[in-house]
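Pasting my_file_15.tsv here (TSV, C-alpha atoms):
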```tsv
chain	number	residue	atom	x	y	z
A	1	MET	CA	-32.78	7.11	13.48
A	2	THR	CA	-30.00	9.41	12.27
A	3	PHE	CA	-26.54	10.04	13.65
A	4	LEU	CA	-25.36	13.53	12.77
A	5	GLY	CA	-22.19	15.17	13.93
A	6	PRO	CA	-18.78	16.61	13.01
A	7	SER	CA	-16.05	14.19	11.99
A	8	GLY	CA	-14.41	12.49	14.94
A	9	SER	CA	-17.52	12.67	17.09
A	10	GLY	CA	-17.99	8.92	17.06
A	11	LYS	CA	-20.62	8.18	14.41
A	12	SER	CA	-18.51	5.52	12.75
A	13	THR	CA	-17.32	4.15	16.08
A	14	THR	CA	-20.92	3.65	17.15
A	15	LEU	CA	-21.63	1.73	13.97
A	16	TYR	CA	-18.43	-0.28	14.42
A	17	ILE	CA	-19.55	-1.21	17.93
A	18	LEU	CA	-22.90	-2.29	16.52
A	19	ALA	CA	-21.07	-4.36	13.92
A	20	GLY	CA	-18.84	-5.91	16.53
A	21	PHE	CA	-15.47	-4.67	15.28
A	22	GLU	CA	-15.01	-2.52	18.40
A	23	ASN	CA	-15.94	-3.25	21.99
A	24	PRO	CA	-17.85	-0.68	24.03
A	25	THR	CA	-16.15	0.39	27.29
A	26	SER	CA	-19.47	-0.03	29.04
A	27	GLY	CA	-23.11	-0.62	28.21
A	28	ASP	CA	-24.84	-3.25	26.14
A	29	ILE	CA	-26.37	-3.71	22.70
A	30	LEU	CA	-29.86	-5.10	22.70
A	31	LEU	CA	-31.60	-6.40	19.60
A	32	ASP	CA	-35.10	-7.79	20.13
A	33	GLY	CA	-34.31	-7.85	23.83
A	34	GLN	CA	-31.20	-9.99	23.42
A	35	SER	CA	-27.65	-8.86	24.09
A	36	LEU	CA	-25.35	-8.87	21.07
A	37	ILE	CA	-22.11	-8.15	22.95
A	38	ALA	CA	-20.98	-11.76	23.11
A	39	THR	CA	-21.97	-12.54	19.51
A	40	PRO	CA	-19.10	-12.42	16.98
A	41	SER	CA	-19.56	-10.02	14.04
A	42	HIS	CA	-20.39	-12.62	11.43
A	43	LYS	CA	-23.25	-14.09	13.48
A	44	ARG	CA	-24.98	-10.79	14.30
A	45	ASN	CA	-27.05	-10.79	11.12
A	46	ILE	CA	-26.48	-7.12	10.39
A	47	GLY	CA	-26.55	-5.47	6.97
A	48	MET	CA	-24.22	-2.51	6.60
A	49	VAL	CA	-23.17	-0.21	3.77
A	50	PHE	CA	-19.71	1.20	4.37
A	51	GLN	CA	-18.66	4.74	3.53
A	52	ARG	CA	-16.52	3.49	0.65
A	53	TYR	CA	-19.10	0.83	-0.34
A	54	THR	CA	-16.45	-1.93	-0.07
A	55	LEU	CA	-17.68	-4.08	-2.95
A	56	PHE	CA	-15.63	-7.21	-3.49
A	57	PRO	CA	-13.44	-6.13	-6.38
A	58	HIS	CA	-12.93	-9.56	-7.95
A	59	LEU	CA	-16.65	-10.41	-8.11
A	60	SER	CA	-19.38	-9.17	-10.45
A	61	VAL	CA	-22.41	-7.21	-9.25
A	62	GLY	CA	-24.53	-10.35	-9.08
A	63	GLU	CA	-21.85	-12.32	-7.21
A	64	ASN	CA	-21.46	-9.46	-4.75
A	65	ILE	CA	-25.14	-9.55	-3.90
A	66	ALA	CA	-25.10	-13.35	-3.75
A	67	PHE	CA	-22.13	-13.47	-1.37
A	68	PRO	CA	-24.00	-13.25	1.97
A	69	LEU	CA	-26.48	-15.84	0.68
A	70	LYS	CA	-23.74	-18.19	-0.46
A	71	VAL	CA	-22.02	-17.87	2.90
A	72	ARG	CA	-25.27	-18.96	4.53
A	73	ARG	CA	-25.29	-22.03	2.25
A	74	LEU	CA	-28.69	-21.34	0.74
A	75	PRO	CA	-29.77	-23.51	-2.21
A	76	LYS	CA	-28.69	-22.15	-5.57
A	77	ALA	CA	-32.22	-21.60	-6.92
A	78	GLU	CA	-33.14	-19.49	-3.91
A	79	ILE	CA	-29.95	-17.45	-4.23
A	80	ASP	CA	-30.68	-16.78	-7.90
A	81	ALA	CA	-34.23	-15.67	-7.14
A	82	LYS	CA	-33.16	-13.34	-4.32
A	83	VAL	CA	-30.33	-11.82	-6.35
A	84	ALA	CA	-32.74	-11.13	-9.22
A	85	LYS	CA	-35.21	-9.52	-6.82
A	86	MET	CA	-32.50	-7.33	-5.29
A	87	LEU	CA	-31.19	-6.27	-8.69
A	88	LYS	CA	-34.70	-5.25	-9.67
A	89	LEU	CA	-35.09	-3.30	-6.44
A	90	VAL	CA	-32.01	-1.18	-7.14
A	91	ARG	CA	-32.84	-1.08	-10.89
A	92	LEU	CA	-29.63	-2.80	-11.99
A	93	ASP	CA	-31.29	-5.79	-13.73
A	94	GLY	CA	-29.09	-5.48	-16.81
A	95	PHE	CA	-25.79	-5.28	-14.93
A	96	ARG	CA	-25.75	-8.59	-13.14
A	97	GLY	CA	-22.57	-9.85	-14.77
A	98	SER	CA	-20.71	-6.56	-15.04
A	99	GLN	CA	-17.77	-5.65	-12.85
A	100	ALA	CA	-18.71	-3.64	-9.79
A	101	GLY	CA	-17.60	-0.03	-10.02
A	102	ALA	CA	-16.18	1.27	-6.76
A	103	ASP	CA	-18.13	4.52	-6.87
A	104	VAL	CA	-21.61	3.01	-7.09
A	105	GLY	CA	-23.49	2.48	-3.87
A	106	TRP	CA	-26.51	0.55	-5.11
A	107	PRO	CA	-24.98	-2.92	-5.41
A	108	ALA	CA	-23.53	-2.49	-1.92
A	109	ALA	CA	-26.96	-1.55	-0.60
A	110	ALA	CA	-28.49	-4.55	-2.35
A	111	ARG	CA	-25.87	-6.82	-0.80
A	112	GLY	CA	-26.65	-5.40	2.62
A	113	LEU	CA	-30.36	-6.02	2.18
A	114	SER	CA	-30.32	-9.37	0.42
A	115	THR	CA	-30.44	-11.52	3.54
A	116	GLY	CA	-33.34	-9.71	5.14
A	117	ALA	CA	-31.11	-8.74	8.04
A	118	CYS	CA	-32.64	-7.65	11.33
A	119	LEU	CA	-30.77	-4.34	11.46
B	1	MET	CA	40.77	-22.47	-26.72
B	2	ASP	CA	44.47	-21.68	-26.17
B	3	ILE	CA	43.64	-19.24	-23.46
B	4	ALA	CA	41.68	-21.87	-21.73
B	5	ARG	CA	44.48	-24.40	-21.87
B	6	ASP	CA	47.07	-21.89	-20.57
B	7	HIS	CA	44.89	-21.04	-17.72
B	8	ARG	CA	44.29	-24.61	-16.88
B	9	ALA	CA	48.04	-25.19	-16.64
B	10	ASP	CA	48.55	-22.56	-13.94
B	11	GLY	CA	45.09	-22.70	-12.49
B	12	GLY	CA	46.22	-24.66	-9.47
B	13	LEU	CA	48.74	-22.08	-8.23
B	14	PRO	CA	47.36	-20.12	-5.32
B	15	ASP	CA	48.88	-16.78	-6.41
B	16	SER	CA	47.28	-16.88	-9.80
B	17	ALA	CA	43.83	-16.01	-8.61
B	18	ASP	CA	43.76	-12.83	-10.64
B	19	ARG	CA	44.82	-14.61	-13.79
B	20	LEU	CA	42.38	-17.34	-13.08
B	21	HIS	CA	39.67	-14.76	-12.89
B	22	ARG	CA	40.77	-13.11	-16.13
B	23	GLY	CA	40.98	-16.53	-17.71
B	24	ALA	CA	37.42	-17.24	-16.70
B	25	VAL	CA	36.20	-13.98	-18.16
B	26	LEU	CA	38.03	-14.62	-21.42
B	27	ARG	CA	36.64	-18.07	-21.51
B	28	LEU	CA	33.15	-16.72	-21.09
B	29	VAL	CA	33.78	-14.36	-23.99
B	30	ALA	CA	35.07	-17.24	-26.09
B	31	MET	CA	32.00	-19.17	-25.15
B	32	ALA	CA	29.72	-16.36	-26.15
B	33	ASP	CA	31.36	-16.55	-29.59
B	34	LEU	CA	30.85	-20.25	-29.66
B	35	SER	CA	27.25	-19.97	-28.61
B	36	ALA	CA	26.58	-17.40	-31.30
B	37	ALA	CA	28.09	-19.63	-33.92
B	38	ARG	CA	26.99	-23.06	-32.87
B	39	LEU	CA	24.12	-22.92	-30.47
B	40	ASP	CA	21.37	-24.98	-31.95
B	41	ALA	CA	18.81	-27.54	-31.02
B	42	GLU	CA	21.45	-30.25	-31.22
B	43	MET	CA	23.38	-28.73	-28.33
B	44	VAL	CA	20.35	-28.22	-26.19
B	45	ARG	CA	19.57	-31.87	-26.71
B	46	ASP	CA	23.13	-32.60	-25.70
B	47	VAL	CA	22.54	-30.85	-22.36
B	48	LEU	CA	19.51	-32.96	-21.74
B	49	ARG	CA	21.33	-36.15	-22.69
B	50	ARG	CA	24.43	-35.54	-20.60
B	51	PRO	CA	24.04	-37.45	-17.37
B	52	ALA	CA	26.33	-35.07	-15.48
B	53	LEU	CA	24.24	-32.05	-16.35
B	54	ALA	CA	20.86	-33.68	-16.63
B	55	GLY	CA	20.95	-35.48	-13.29
B	56	GLY	CA	20.52	-32.28	-11.34
B	57	ARG	CA	17.59	-30.78	-13.19
B	58	GLY	CA	14.90	-32.85	-11.54
B	59	ASP	CA	16.27	-32.02	-8.10
B	60	GLN	CA	16.54	-28.37	-8.98
B	61	LEU	CA	12.94	-28.14	-10.13
B	62	TYR	CA	11.81	-30.08	-7.05
B	63	ILE	CA	13.76	-27.79	-4.71
B	64	ALA	CA	12.55	-24.62	-6.43
B	65	ALA	CA	8.93	-25.85	-6.28
B	66	ILE	CA	9.07	-26.61	-2.54
B	67	VAL	CA	10.81	-23.28	-1.87
B	68	THR	CA	8.08	-21.47	-3.82
B	69	VAL	CA	5.20	-23.08	-1.93
B	70	LEU	CA	6.79	-22.64	1.51
B	71	SER	CA	7.93	-19.11	0.77
B	72	VAL	CA	4.45	-17.98	-0.28
B	73	LEU	CA	2.75	-19.70	2.68
B	74	ILE	CA	5.19	-18.40	5.30
B	75	GLY	CA	5.30	-15.02	3.58
B	76	LEU	CA	1.50	-14.80	3.66
B	77	VAL	CA	1.24	-15.57	7.37
B	78	ALA	CA	4.16	-13.26	8.22
B	79	SER	CA	2.70	-10.46	6.10
B	80	PHE	CA	-0.66	-10.65	7.87
B	81	GLY	CA	1.19	-10.30	11.16
B	82	LEU	CA	3.38	-7.45	9.91
B	83	VAL	CA	0.53	-5.48	8.32
B	84	ARG	CA	-2.44	-6.18	10.60
B	85	GLY	CA	-0.74	-6.97	13.90
B	86	ARG	CA	-0.33	-4.47	16.70
B	87	PHE	CA	2.68	-5.34	18.82
B	88	ILE	CA	5.91	-3.81	20.02
B	89	GLY	CA	8.91	-4.28	17.75
B	90	LYS	CA	6.86	-4.71	14.59
B	91	GLU	CA	9.17	-2.53	12.49
B	92	GLY	CA	12.19	-4.32	13.94
B	93	LEU	CA	10.70	-7.69	13.00
B	94	ARG	CA	10.00	-6.48	9.48
B	95	ALA	CA	13.62	-5.34	9.13
B	96	LEU	CA	14.80	-8.70	10.47
B	97	PHE	CA	12.78	-10.53	7.80
B	98	LEU	CA	14.45	-8.45	5.09
B	99	THR	CA	18.06	-8.80	6.31
B	100	PRO	CA	18.91	-11.69	3.95
B	101	MET	CA	18.58	-9.16	1.13
B	102	ILE	CA	21.41	-6.98	2.47
B	103	LEU	CA	23.53	-9.65	4.13
B	104	PRO	CA	26.33	-10.91	1.84
B	105	VAL	CA	25.20	-14.29	0.55
B	106	VAL	CA	28.64	-15.84	1.10
B	107	VAL	CA	28.49	-15.00	4.81
B	108	LEU	CA	25.07	-16.59	5.03
B	109	ALA	CA	26.26	-19.61	3.07
B	110	VAL	CA	29.28	-20.23	5.33
B	111	ALA	CA	27.17	-19.84	8.47
B	112	LEU	CA	24.49	-22.21	7.17
B	113	TYR	CA	27.15	-24.68	6.03
B	114	ALA	CA	28.75	-24.76	9.47
B	115	PHE	CA	25.37	-25.15	11.12
B	116	PHE	CA	24.15	-27.83	8.73
B	117	LEU	CA	27.37	-29.81	9.27
B	118	ARG	CA	26.42	-30.13	12.93
B	119	VAL	CA	22.83	-31.16	12.33
B	120	GLY	CA	23.64	-33.28	9.29
B	121	LEU	CA	21.66	-31.42	6.67
B	122	ASN	CA	24.47	-30.86	4.16
B	123	GLY	CA	23.79	-32.27	0.74
B	124	THR	CA	20.13	-32.94	1.51
B	125	VAL	CA	17.05	-31.53	-0.17
B	126	THR	CA	15.90	-30.21	3.22
B	127	GLY	CA	19.15	-28.28	3.63
B	128	PHE	CA	18.84	-26.87	0.12
B	129	VAL	CA	15.25	-25.82	0.72
B	130	ILE	CA	16.00	-24.13	4.06
B	131	ALA	CA	18.98	-22.25	2.59
B	132	HIS	CA	17.03	-21.05	-0.43
B	133	LEU	CA	14.01	-20.23	1.69
B	134	VAL	CA	16.09	-17.78	3.72
B	135	VAL	CA	16.92	-15.75	0.61
B	136	ALA	CA	13.54	-16.19	-1.10
B	137	LEU	CA	11.37	-15.18	1.86
B	138	PRO	CA	12.23	-11.43	1.76
B	139	PHE	CA	10.91	-11.20	-1.82
B	140	SER	CA	7.74	-12.98	-0.77
B	141	ILE	CA	7.19	-10.78	2.29
B	142	LEU	CA	7.90	-7.58	0.36
B	143	SER	CA	5.37	-8.24	-2.38
B	144	ILE	CA	2.66	-9.70	-0.13
B	145	THR	CA	2.89	-6.91	2.48
B	146	ASN	CA	2.69	-4.40	-0.38
B	147	ALA	CA	-0.45	-6.03	-1.75
B	148	LEU	CA	-2.00	-6.33	1.71
B	149	GLU	CA	-1.31	-2.68	2.54
B	150	GLY	CA	-3.04	-1.66	-0.67
B	151	PHE	CA	-6.10	-3.73	0.21
B	152	ASP	CA	-8.94	-1.92	1.99
B	153	LYS	CA	-9.50	-3.78	5.26
B	154	SER	CA	-13.15	-2.67	5.39
B	155	ILE	CA	-13.85	-4.90	2.36
B	156	GLU	CA	-12.92	-7.85	4.54
B	157	ASP	CA	-15.03	-6.40	7.37
B	158	ALA	CA	-17.96	-6.16	4.96
B	159	ALA	CA	-17.58	-9.85	4.16
B	160	VAL	CA	-17.64	-10.65	7.89
B	161	LEU	CA	-20.82	-8.60	8.26
B	162	CYS	CA	-22.28	-10.59	5.37
B	163	GLY	CA	-22.00	-13.59	7.64
B	164	ALA	CA	-18.64	-15.04	6.67
B	165	SER	CA	-16.39	-16.09	9.54
B	166	PRO	CA	-13.14	-14.10	9.75
B	167	LEU	CA	-11.21	-17.01	8.23
B	168	GLU	CA	-13.75	-17.55	5.45
B	169	ALA	CA	-13.69	-13.82	4.66
B	170	LYS	CA	-9.90	-13.95	4.34
B	171	ILE	CA	-9.95	-16.99	2.06
B	172	ARG	CA	-12.86	-15.94	-0.17
B	173	ILE	CA	-12.38	-12.18	-0.30
B	174	THR	CA	-8.92	-11.08	0.85
B	175	LEU	CA	-6.80	-13.75	-0.87
B	176	PRO	CA	-8.33	-13.27	-4.35
B	177	SER	CA	-7.92	-9.50	-3.94
B	178	ILE	CA	-4.20	-9.76	-3.22
B	179	SER	CA	-3.59	-12.55	-5.74
B	180	HIS	CA	-1.24	-10.37	-7.80
B	181	GLY	CA	1.01	-10.04	-4.73
B	182	LEU	CA	0.88	-13.79	-4.10
B	183	PHE	CA	1.70	-14.46	-7.72
B	184	SER	CA	4.78	-12.25	-7.86
B	185	ALA	CA	5.88	-13.70	-4.52
B	186	ALA	CA	5.71	-17.17	-6.05
B	187	VAL	CA	7.60	-16.21	-9.22
B	188	PHE	CA	10.36	-14.36	-7.39
B	189	SER	CA	10.76	-17.16	-4.87
B	190	PHE	CA	11.01	-19.70	-7.67
B	191	LEU	CA	13.57	-17.65	-9.60
B	192	THR	CA	15.63	-17.00	-6.46
B	193	SER	CA	15.98	-20.71	-5.89
B	194	TRP	CA	16.28	-21.61	-9.58
B	195	ASP	CA	19.18	-19.23	-10.36
B	196	GLU	CA	20.92	-19.29	-6.99
B	197	VAL	CA	24.55	-20.45	-7.12
B	198	VAL	CA	26.46	-19.34	-3.98
B	199	LEU	CA	24.33	-21.12	-1.39
B	200	ALA	CA	23.87	-24.03	-3.76
B	201	ILE	CA	27.64	-24.55	-4.05
B	202	PHE	CA	27.88	-24.87	-0.27
B	203	MET	CA	24.83	-27.11	0.02
B	204	ALA	CA	25.59	-29.36	-2.94
B	205	SER	CA	26.91	-32.88	-2.67
B	206	PRO	CA	28.21	-35.11	-5.48
B	207	THR	CA	24.75	-36.65	-5.78
B	208	LEU	CA	22.66	-33.54	-5.22
B	209	GLN	CA	23.50	-30.58	-7.41
B	210	THR	CA	21.60	-27.86	-9.20
B	211	LEU	CA	22.25	-26.73	-12.75
B	212	PRO	CA	23.99	-23.45	-11.75
B	213	VAL	CA	26.39	-25.45	-9.55
B	214	LYS	CA	27.10	-27.83	-12.40
B	215	ILE	CA	27.70	-24.96	-14.79
B	216	TRP	CA	30.11	-23.44	-12.31
B	217	ALA	CA	31.96	-26.72	-11.79
B	218	THR	CA	32.13	-27.50	-15.49
B	219	LEU	CA	33.39	-24.00	-16.26
B	220	ARG	CA	36.28	-24.55	-13.90
B	221	GLN	CA	37.18	-27.94	-15.28
B	222	ASP	CA	36.75	-27.98	-19.01
B	223	LEU	CA	35.53	-25.88	-21.84
B	224	THR	CA	32.50	-27.24	-23.57
B	225	PRO	CA	29.89	-25.44	-25.63
B	226	VAL	CA	27.27	-27.48	-23.83
B	227	ILE	CA	27.58	-25.01	-20.97
B	228	ALA	CA	26.47	-22.23	-23.27
B	229	ALA	CA	23.41	-24.27	-24.15
B	230	ALA	CA	22.72	-25.04	-20.49
B	231	SER	CA	23.03	-21.36	-19.61
B	232	THR	CA	20.65	-20.53	-22.42
B	233	LEU	CA	18.14	-22.95	-20.94
B	234	LEU	CA	18.39	-21.19	-17.57
B	235	ILE	CA	18.02	-17.77	-19.15
B	236	VAL	CA	15.08	-18.86	-21.31
B	237	VAL	CA	13.21	-20.21	-18.28
B	238	THR	CA	13.85	-16.95	-16.43
B	239	ILE	CA	12.74	-14.75	-19.33
B	240	ALA	CA	9.66	-16.90	-19.91
B	241	LEU	CA	8.64	-16.52	-16.27
B	242	MET	CA	9.18	-12.76	-16.31
B	243	LEU	CA	7.08	-12.46	-19.48
B	244	LEU	CA	4.38	-14.55	-17.82
B	245	VAL	CA	4.40	-12.18	-14.85
B	246	ALA	CA	4.11	-9.13	-17.11
B	247	LEU	CA	1.24	-10.64	-19.08
B	248	LEU	CA	-0.68	-11.88	-16.06
B	249	ARG	CA	-0.26	-8.60	-14.17
B	250	LYS	CA	-1.74	-6.82	-17.15
B	251	GLY	CA	-4.58	-9.33	-17.22
B	252	LEU	CA	-5.26	-9.01	-13.48
B	253	LYS	CA	-5.40	-5.25	-13.63
B	254	SER	CA	-7.83	-4.87	-16.50
```
Write the structure described by the file as C-alpha cells, please.
Amino acid sequence: MTFLGPSGSGKSTTLYILAGFENPTSGDILLDGQSLIATPSHKRNIGMVFQRYTLFPHLSVGENIAFPLKVRRLPKAEIDAKVAKMLKLVRLDGFRGSQAGADVGWPAAARGLSTGACL
Amino acid sequence: MDIARDHRADGGLPDSADRLHRGAVLRLVAMADLSAARLDAEMVRDVLRRPALAGGRGDQLYIAAIVTVLSVLIGLVASFGLVRGRFIGKEGLRALFLTPMILPVVVLAVALYAFFLRVGLNGTVTGFVIAHLVVALPFSILSITNALEGFDKSIEDAAVLCGASPLEAKIRITLPSISHGLFSAAVFSFLTSWDEVVLAIFMASPTLQTLPVKIWATLRQDLTPVIAAASTLLIVVTIALMLLVALLRKGLKS
C-alpha cells in the first residue's frame, strides 16, 4: 500500500494516527480484526521509520537496533543474535559499534524490523 | 595598612559611607599586593586551619550540593512543561521563572528575610537552600529548555514505537540526549550558590555562614592576608568548574 500526495494532504497524519500519537476524529483502526484505538503507542507493536530516521544519537548502530529488544526484556543472547541478523540484512555487519550517522536510513529500518512487528 | 587603620577609626560614622567604600577598595588593592607577594601554600593552609573561616565550608558545600540537585530536578520538570506543554499563559510562566535574573538581588533578599522571619527559616539550611534555589533556577531552566528545544521530539516518539513506555523513552533516550543541558544547569546552579553573597548575608546566622559571607565580614573587621588566600580558593574552585564544563562539552560534542 502506498500513500501519495502533496505536502499537507495528511500522509504523515495518517501514519501518526496509526502510531497512536494522534487520535482520529472518527473511525477505527483494525489490526487482525482487533481495534487499536484504545492501545497506547508503545503497546501497538508497530515498526516505523521516520522521515528524519530519528536514530538515538547517543547509541551506536548495534545499540540502536537492540533498543526495542532490550525494552521488551529479551535475554541478552537472543538480542545479540537478532541484532547480528538485522545488521547482515542491511549489510552493515562491520559497523555495529560505530556511531549512527543521522543521514543513513538503514540502521533505522533495521531497528524498525528487529522485533518482527505486525505492521 | 595605615589606610586600613584610618578607615577603621571613622568607619562607624554614618556619613562616612563614601570614605568607607573608598577605604574598602584601597584595602582590596593593598590585599592584592599582599597576595602577590605572600600568597603561598602556608596561607591556604591557614585558611583551612582557622576555625572562623573553616567552619562554614562544610555547610557551604552542603548547601550548594542540595541547591544543585533540586535546581536540576525542578528545572527539568519545569522545562518539559514549558517546552512540550500546550496551555494558556505559557510565555508568561516562562518569563515569571526568569524574573529572579532581572530582579535586584537585594530586593529579593529583604523580601525573603522578612518572610523567613515569620516562618522561622532564618539561619537554617532550608532557608539558605530556598533562597539560593530562587536565583539558581533561572539558569537551570534556561539551559535545559534550550537543550530540550534542540532535541527532535520524533526521536522520543520512535523510542515509544519501539515499545518503550513514554516515561521509559524519556529516561533512556531523551535524558541522555540533553545531558549537556543538564550538566551546565548543574554547574551554573552550583556556582550561583557557591559564590552568592547578598542573599547569604541575609540568611546567615552566627553558626551558619558561607565563605563569601565570612570574607565580607572579615574584610569589614580586620585586614588579614588570609582573606586573599580564601578568595583564591573560591576563584580556583570556580575556574576549575568552568574548565571542566569546557572540556566535557567538547567531549560530549565529538
Using all atoms listed in the file, select each residue of chain B with any atom at most 7 Å away from an atom of chain A, and give the selection as a PyMOL selection string.
chain B and resi 154-155+158+160-165+173+176-177
For the residues selected in the previous step, produce a file with C-alpha atoms as an mmCIF file, in the frame of the given file.
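Output file result22.cif follows:
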```cif
data_model
loop_
_atom_site.group_PDB
_atom_site.id
_atom_site.type_symbol
_atom_site.label_atom_id
_atom_site.label_comp_id
_atom_site.auth_asym_id
_atom_site.auth_seq_id
_atom_site.Cartn_x
_atom_site.Cartn_y
_atom_site.Cartn_z
ATOM 1 C CA SER B 154 -13.150 -2.670 5.390
ATOM 2 C CA ILE B 155 -13.850 -4.900 2.360
ATOM 3 C CA ALA B 158 -17.960 -6.160 4.960
ATOM 4 C CA VAL B 160 -17.640 -10.650 7.890
ATOM 5 C CA LEU B 161 -20.820 -8.600 8.260
ATOM 6 C CA CYS B 162 -22.280 -10.590 5.370
ATOM 7 C CA GLY B 163 -22.000 -13.590 7.640
ATOM 8 C CA ALA B 164 -18.640 -15.040 6.670
ATOM 9 C CA SER B 165 -16.390 -16.090 9.540
ATOM 10 C CA ILE B 173 -12.380 -12.180 -0.300
ATOM 11 C CA PRO B 176 -8.330 -13.270 -4.350
ATOM 12 C CA SER B 177 -7.920 -9.500 -3.940
#
```
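Closest approach to Leu191 of chain B among B:Phe115, B:Ala159, B:Ile178, B:Val237 is made by B:Val237 (distances from all atoms listed in the file).
Counting from atom CA of Phe202 of chain B, the distance to atom CA of Val129 of chain B is 12.7 Å.
The interatomic distance for the pair atom CA of Asp80 of chain A and atom CA of Ser179 of chain B works out to 27.5 Å.
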Could you please give me, as an NGL selection string, the residues of protein, DNA or RNA lying at most 12 Å from (-22.4, -4.2, 22.3) in the coordinate frame of the file, considering all atoms listed in the file?
:A and (13-31 or 34-41 or 44)
I'd like the neighbourhood of segment 70-75 of chain B as a compact mmCIF listing (two decimals) with C-alpha atoms, in the coordinates of the input, where a residue qualifies if any of its atoms comes within 12 Å (using all atoms listed in the file), though same-chain residues fewer than 2 positions away should be ignored.
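Ended up saving to selection14.txt:
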```
# COMPACT_ATOMS: atom_id res chain seq x y z
CA ILE B 63 13.76 -27.79 -4.71
CA ALA B 64 12.55 -24.62 -6.43
CA ALA B 65 8.93 -25.85 -6.28
CA ILE B 66 9.07 -26.61 -2.54
CA VAL B 67 10.81 -23.28 -1.87
CA THR B 68 8.08 -21.47 -3.82
CA VAL B 77 1.24 -15.57 7.37
CA ALA B 78 4.16 -13.26 8.22
CA SER B 79 2.70 -10.46 6.10
CA PHE B 80 -0.66 -10.65 7.87
CA GLY B 81 1.19 -10.30 11.16
CA LEU B 82 3.38 -7.45 9.91
CA VAL B 83 0.53 -5.48 8.32
CA ARG B 94 10.00 -6.48 9.48
CA PHE B 97 12.78 -10.53 7.80
CA LEU B 98 14.45 -8.45 5.09
CA THR B 126 15.90 -30.21 3.22
CA VAL B 129 15.25 -25.82 0.72
CA ILE B 130 16.00 -24.13 4.06
CA ALA B 131 18.98 -22.25 2.59
CA HIS B 132 17.03 -21.05 -0.43
CA LEU B 133 14.01 -20.23 1.69
CA VAL B 134 16.09 -17.78 3.72
CA VAL B 135 16.92 -15.75 0.61
CA ALA B 136 13.54 -16.19 -1.10
CA LEU B 137 11.37 -15.18 1.86
CA PRO B 138 12.23 -11.43 1.76
CA PHE B 139 10.91 -11.20 -1.82
CA SER B 140 7.74 -12.98 -0.77
CA ILE B 141 7.19 -10.78 2.29
CA LEU B 142 7.90 -7.58 0.36
CA SER B 143 5.37 -8.24 -2.38
CA ILE B 144 2.66 -9.70 -0.13
CA THR B 145 2.89 -6.91 2.48
CA ASN B 146 2.69 -4.40 -0.38
CA ALA B 147 -0.45 -6.03 -1.75
CA LEU B 148 -2.00 -6.33 1.71
CA LEU B 175 -6.80 -13.75 -0.87
CA SER B 179 -3.59 -12.55 -5.74
CA GLY B 181 1.01 -10.04 -4.73
CA LEU B 182 0.88 -13.79 -4.10
CA PHE B 183 1.70 -14.46 -7.72
CA SER B 184 4.78 -12.25 -7.86
CA ALA B 185 5.88 -13.70 -4.52
CA ALA B 186 5.71 -17.17 -6.05
CA VAL B 187 7.60 -16.21 -9.22
CA PHE B 188 10.36 -14.36 -7.39
CA SER B 189 10.76 -17.16 -4.87
CA PHE B 190 11.01 -19.70 -7.67
CA LEU B 191 13.57 -17.65 -9.60
CA THR B 192 15.63 -17.00 -6.46
CA SER B 193 15.98 -20.71 -5.89
```
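With all atoms listed in the file as the atoms that count, the residue of B:Thr238, B:Leu219, B:Gln209, B:Val197 with the shortest distance to Gly58 of chain B is B:Gln209.
Atom CA of Val110 of chain B is positioned 23.6 Å from atom CA of Tyr62 of chain B.
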Per-axis box centre and lengths in Å around segment 182-199 of chain B, 6 Å margin per side, axis-aligned, as JSON:
```
{"center_x": 13.7, "center_y": -16.9, "center_z": -5.9, "size_x": 37.6, "size_y": 21.4, "size_z": 21.0}
```
